[in-house]
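So the structure is just underneath, and the comments pick up after that.
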Amino acid sequence: MSKPVAATKRRKTFGQWCKSMRGQQIICTVTFLILPLLLLFTFTYLPFFKMVEFSFFDMRYIGRRIFVGLENYIDVFTRDDCFRALLLSLYYMAGSVVQMALALLFATILSFKVKGSKFFRGALYFPCLICGIAVGFIFKFFFTHGFVLDTLLSWVGFDVDTLPYWLRDESINNIVLVACSIWKYVGQNIVMFIGAIASVDSTLYEAAEIDGANAWHKFKDIILPSIRTIVVLNLIISVSGALSAFEMPYVVTGGGFGTSTYFVIMDKLAHTDQKVGLASAMAIVLLALIMIVTFAQKAAEKWLNEREDRTPRARRKTDPNTAAQAASARPAHAE
Amino acid sequence: MKKALALTLAAAMSASLLAGCSGGTTSSGETESTLPAYNELTVGEDYTDLTADLKIISHRTDLIEDGTFQGYVDTFQQMYPNISISYEGITDYANDMTTRLTSNDWGDICMIPTTIPLPELGDYFYAMCDLSAIQDTYNFADNRAYDGKVYGIPSTGNAQGIVYNKAVFEAAGITELPKTPTEFLDDLQKIKDYDSSIIPLYTNYAAGWTMSAWDAYIGGGATGDGSWMNITMPQTHDPFAPGVPTGDSESGPYAVYNILYEAVKRGLTEADPTTTDWEGSKPMINNGEIATMVLGSWAIVQMQDAGEHADDIGYMPFPISVDGVQYASAGADYCYGINKNSSDDNKIAAMLYIKWLSESSNFSYDQGGIPVLKDQEYPETLAAFDGIELIADTAAPSESADLATNVQRDAELMLNADQTHVMRIVEAAINGDETMDDIVADWNEAWNEAVDANAPEGGAVTGTGEDAEG
């Protein structure tokens with residue numbers, strides 16, 4: 001079909017084409033790409049398209065399916081539990097801001113010559129390597145009344161009897177769960193930030209030091225502008241992660257005591273109530289939400305960029321600074 | 001050239017997609033006549049030279065891990081040396097197994113998940129024999145049967161009662177087992193007064209599935225009516241209202257859930273349900289740190305084995321009486337089903353193994369369950385059930401066989417499968433933001449809607465509730 005057409009245009013037989021430089025390149029590309037693309041397709045796109053299809057049916061995982069059109073979507077918007085659960089995401093979004101700040105702090109400290117920085121990097125990254133389910137169980141015992149946390153607090157003078165039930169008390173249990181999430185995922189951000197900070201030209205620090213800049217100035221005027229793309233990327237990932245928070249509430253509290261996030265409800269509807277169509281519709285609504293949030297964030301970022309470019313302050317900056325900013329900004333624009 | 005590349009890729013992918021899809025649906029007809037029926041097989045004599053490789057998926061991860069099942073396999077292999085059997089355990093059984101059934105080659109034998117409506121059993125499982133052939137000799141033979149065909153053989157039977165620590169009851173001065181919710185709650189209070197470090201009723205809230213055990217008590221045990229659960233309830237409005245269907249608020253589904261609500265509210269359960277620990281609860285009840293747990297009779301043996309005080313573990317009927325008579329729900333545990341896509345040899349081997357397990361292995365007795373065969377011996381642990389009428393939930397007639405499942409699903413109250421509604425009771429009682437009546441009002445609303453949506457044509461929906469509430 002298409003291949004022979006291409007071959008005749010070049011007035012070569014297919015065999016010759018295969019041997020040519022261009023042909024070899026393409027054959028290599030195709031053979032190397034076909035496997036990952038196939039995997040990507042079978043395990044990401046195919047299930048996704050199936051899910052879109054499912055969302056229009058009233059169905060269980062097995063058994064007969066009835067086409068219901070948009071009814072599932074209408075249900076998602078009219079049920080009161082779905083969107084109320086999204087309010088819980090606000091906790092996780094606030095958490096992701098804290099997480100970013102912590103990650104930036106640690107990454108900056110660990111990027112400079114600190115004693116045992118390799119050890120601390122490893123230690124901070126370690127939670128990311130543990131399976132989320134295991135982390136959940138660890139925290140369940142950690143927060144059990146009179147167990148680890150309460151014992152630690154009693155050593156510093158708290159009275160165990162006055163301490164709250166960390167996972168039962170609905171005024172704090174979501175905050176506790178968010179804290180667990182931060183503990184687990186902060187290492188990932190730190191590693192990415194350390195990588196980004198490492199690419200900052202070190203002569204800039206020297207130049208800044210000669211000009212009398214302290215650590216805060218260096219962070220604010222050199223590091224932060226240089227790694228801004230990475231920070232924004234991480235923020236987007238964290239916010240979409242916040243909307244789809246699942247592991248901690250599912251494992252630690254099982255969604256009880258007002259900790260059912262959107263995902264936990266979706267899981268219950270899909271697996272115990274076997275309302276697969278409704279759960280699929282929920283997933284697609286969430287996808288749309290995440291996309292909206294991402295676009296909004298991108299737009300805001302772009303707007304900020306443009307505004308900064310227009311302000312005279314940017315022009316007044318010292319040469320190396322602007323150069324570094326331009327250098328770090330370039331790969332982002334190429335995307 | 002890029003276009004050509006894209007086209008080839010797209011073509012290759014759609015080809016693989018088609019290939020992937022075509023394997024899915026093979027609707028086989030009625031070709032099972034060549035195999036002997038389950039009841040015609042004689043274990044130990046027929047097919048002793050049969051070679052097969054069986055894979056069994058089970059919910060009893062504990063028995064797989066401690067080698068109990070391997071012991072049964074070894075004994076079986078003395079008769080059938082060429083049949084090899086491997087077990088796979090799933091912890092979150094009902095959910096995972098339902099999903100795995102969508103593929104055709106999950107294995108040969110599994111415990112049939114209750115999420116599959118009875119009319120659809122034939123889509124996944126092999127019909128082992130006619131119901132009439134084993135109905136007279138097997139307990140609960142109709143549990144997983146449809147249209148006169150048996151798709152599942154009960155692995156064991158459960159009586160629904162309460163596991164309790166006899167020593168604690170004695171020490172707290174309780175001489176007679178409670179017969180009504182009020183007596184039960186009073187007894188829990190006595191235990192708390194006797195020693196406040198003992199947890200009178202452990203909810204096992206955190207494990208989740210342990211909470212869905214409460215649903216098992218709202219059938220025959222709470223109503224004295226075997227047809228309630230599968231036939232009447234899915235056609236009844238307001239089934240969770242007080243006094244439905246018995247006319248007495250000390251019995252019926254409401255009374256069952258209200259025991260939990262009141263116990264939590266009066267502080268007769270553990271202080272922090274979110275951090276309960278299932279494995280840890282077993283030695284605790286064995287040592288007398290927990291007085292009672294609401295679990296099926298399958299749990300007795302596990303509690304006895306968890307420590308040195310096996311003799312202290314007792315099992316009592318659920319404290320509900322209908323018109324002064326105490327009933328207990330009894331029913332099949334999970335039933336063995338055979339994959340209808342297995343090879344003929346594997347099907348025969350699977351039937352032989354299942355038949356041996358249920359008739360000759362003593363599995364049910366060892367596990368403290370109600371025997372599979374009617375003439376088998378009851379285990380000692382069920383001694384307290386002497387004189388208590390065991391009521392098995394009657395299966396619905398074929399034409400409305402999936403009614404109960406459909407109503408529960410539409411109402412999002414999957415009884416015996418989903419725990420969130422029972423967890424809600426605990427949460428409400430602790431937070432104090434909902435009364436039991438608020439909760440059942442919610443349930444009734446969803447239930448009524450589902451009943452109307454699923455009402456069989458011409459079938460009359462009974463409306464109770466209002467008059468009984470009084």
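Residue numbering restarts at 1 for every chain of the structure tokens, chains are lettered A, B, ... in their displayed order, and ligands are numbered from 1 as they appear.
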
Can you list, as a list of chain:residue names, every protein, DNA or RNA residue that comes within 9 Å of stretch 126-138 of chain A when you count only C-alpha atoms, leaving out same-chain residues fewer than 5 positions away?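 Final neighbour list, sorted by chain and number: A:Arg121, A:Phe143, A:Cys180, A:Trp183, A:Lys184, A:Tyr185, A:Val186, A:Gly187, A:Gln188, A:Glu247, A:Met248, A:Pro249, A:Tyr250, A:Val251, A:Val252, A:Thr253.
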
Counting only C-alpha atoms, which residues of chain A come no farther than 9 Å from chain B, as a ChimeraX atom specification? /A:1-3,6,26,30,34,37-38,41-42,46,61-63,140-141,143-145,165,167-170,252-258,268-269,271-275

Residues at most 10 Å from stretch 368-382 of chain B, counting only C-alpha atoms, excluding those fewer than 4 positions away in the same chain, as number ranges by chain? B: 134-141, 153-159, 161, 296-302, 311, 313-317, 330-333, 357-360, 362-364, 386

I need the residues from that last selection saved to file as a PDB file, in the first residue's frame (with C-alpha atoms), if you can.
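Once everything was written out, this is selection22.pdb:
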```pdb
ATOM      1  CA  ILE B 134     -28.081 -34.570  45.165  1.00  0.00           C
ATOM      2  CA  GLN B 135     -30.797 -32.529  46.852  1.00  0.00           C
ATOM      3  CA  ASP B 136     -31.668 -35.300  49.300  1.00  0.00           C
ATOM      4  CA  THR B 137     -28.138 -35.982  50.468  1.00  0.00           C
ATOM      5  CA  TYR B 138     -26.494 -32.538  50.377  1.00  0.00           C
ATOM      6  CA  ASN B 139     -27.113 -29.572  52.641  1.00  0.00           C
ATOM      7  CA  PHE B 140     -27.555 -26.282  50.785  1.00  0.00           C
ATOM      8  CA  ALA B 141     -27.420 -28.064  47.416  1.00  0.00           C
ATOM      9  CA  ILE B 153     -21.044 -27.634  45.606  1.00  0.00           C
ATOM     10  CA  PRO B 154     -20.826 -26.040  49.076  1.00  0.00           C
ATOM     11  CA  SER B 155     -17.342 -26.239  50.559  1.00  0.00           C
ATOM     12  CA  THR B 156     -18.842 -26.177  54.048  1.00  0.00           C
ATOM     13  CA  GLY B 157     -21.803 -24.658  55.832  1.00  0.00           C
ATOM     14  CA  ASN B 158     -21.875 -21.782  58.267  1.00  0.00           C
ATOM     15  CA  ALA B 159     -24.166 -21.063  61.138  1.00  0.00           C
ATOM     16  CA  GLY B 161     -23.783 -16.629  65.546  1.00  0.00           C
ATOM     17  CA  GLY B 296     -19.780 -16.738  61.082  1.00  0.00           C
ATOM     18  CA  SER B 297     -19.007 -20.163  62.486  1.00  0.00           C
ATOM     19  CA  TRP B 298     -16.041 -20.474  60.125  1.00  0.00           C
ATOM     20  CA  ALA B 299     -14.170 -18.144  62.480  1.00  0.00           C
ATOM     21  CA  ILE B 300     -14.354 -20.456  65.515  1.00  0.00           C
ATOM     22  CA  VAL B 301     -11.415 -22.644  64.585  1.00  0.00           C
ATOM     23  CA  GLN B 302      -9.245 -19.659  63.756  1.00  0.00           C
ATOM     24  CA  ASP B 311     -11.388 -24.175  75.320  1.00  0.00           C
ATOM     25  CA  ILE B 313     -13.795 -19.961  72.732  1.00  0.00           C
ATOM     26  CA  GLY B 314     -17.508 -20.550  72.403  1.00  0.00           C
ATOM     27  CA  TYR B 315     -20.103 -19.872  69.788  1.00  0.00           C
ATOM     28  CA  MET B 316     -23.565 -18.612  70.599  1.00  0.00           C
ATOM     29  CA  PRO B 317     -26.634 -17.998  68.470  1.00  0.00           C
ATOM     30  CA  ALA B 330     -27.354 -21.151  58.276  1.00  0.00           C
ATOM     31  CA  GLY B 331     -26.041 -21.256  54.800  1.00  0.00           C
ATOM     32  CA  ALA B 332     -23.429 -22.543  52.463  1.00  0.00           C
ATOM     33  CA  ASP B 333     -19.994 -21.042  52.617  1.00  0.00           C
ATOM     34  CA  LEU B 357     -13.413 -32.903  49.630  1.00  0.00           C
ATOM     35  CA  SER B 358     -17.090 -32.674  50.455  1.00  0.00           C
ATOM     36  CA  GLU B 359     -17.849 -36.326  51.162  1.00  0.00           C
ATOM     37  CA  SER B 360     -14.732 -37.984  52.514  1.00  0.00           C
ATOM     38  CA  ASN B 362     -13.698 -34.311  56.783  1.00  0.00           C
ATOM     39  CA  PHE B 363     -12.894 -30.744  55.732  1.00  0.00           C
ATOM     40  CA  SER B 364     -16.140 -29.328  57.005  1.00  0.00           C
ATOM     41  CA  ASP B 386     -28.807 -27.430  70.081  1.00  0.00           C
TER      42      ASP B 386
END
```

Quote the spacing between atom CA of A:Tyr125 and atom CA of A:Ile190 in Å to one decimal place.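 So the answer is 7.6 Å.
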
Could you name the residues that touch A:Tyr92 at 10 Å or less, counting only C-alpha atoms, but leaving out those on the same chain fewer than 6 positions away, as number ranges by chain? A: 98-99, 174-175, 177-179, 181-182, 238-245

Long-range neighbours of B:Thr48 as a ChimeraX atom specification, 10 Å cut-off, only C-alpha atoms, 2 positions minimum in chain: /B:43-46,50-51,77-83,349,352

Could you pull out the strand (DSSP E) residues of stretch 59-195 of chain A from DSSP and send them as a list of chain:residue names? A:Met59, A:Arg65, A:Ile66, A:Phe67

Take the residues from that selection and put them in a file with N, CA, C and O atoms, as an mmCIF file, in the first residue's frame.
```
data_model
loop_
_atom_site.group_PDB
_atom_site.id
_atom_site.type_symbol
_atom_site.label_atom_id
_atom_site.label_comp_id
_atom_site.auth_asym_id
_atom_site.auth_seq_id
_atom_site.Cartn_x
_atom_site.Cartn_y
_atom_site.Cartn_z
ATOM 1 N N MET A 59 -23.727 -1.655 33.262
ATOM 2 C CA MET A 59 -23.123 -2.984 33.143
ATOM 3 C C MET A 59 -22.365 -3.387 34.405
ATOM 4 O O MET A 59 -21.966 -2.567 35.205
ATOM 5 N N ARG A 65 -25.023 -6.168 29.125
ATOM 6 C CA ARG A 65 -24.839 -4.724 29.155
ATOM 7 C C ARG A 65 -26.025 -4.041 28.494
ATOM 8 O O ARG A 65 -26.533 -4.514 27.492
ATOM 9 N N ILE A 66 -26.443 -2.936 29.093
ATOM 10 C CA ILE A 66 -27.554 -2.173 28.499
ATOM 11 C C ILE A 66 -27.046 -0.783 28.183
ATOM 12 O O ILE A 66 -26.464 -0.114 29.041
ATOM 13 N N PHE A 67 -27.261 -0.346 26.944
ATOM 14 C CA PHE A 67 -26.836 0.996 26.558
ATOM 15 C C PHE A 67 -27.762 2.031 27.201
ATOM 16 O O PHE A 67 -28.961 1.940 27.081
#
```
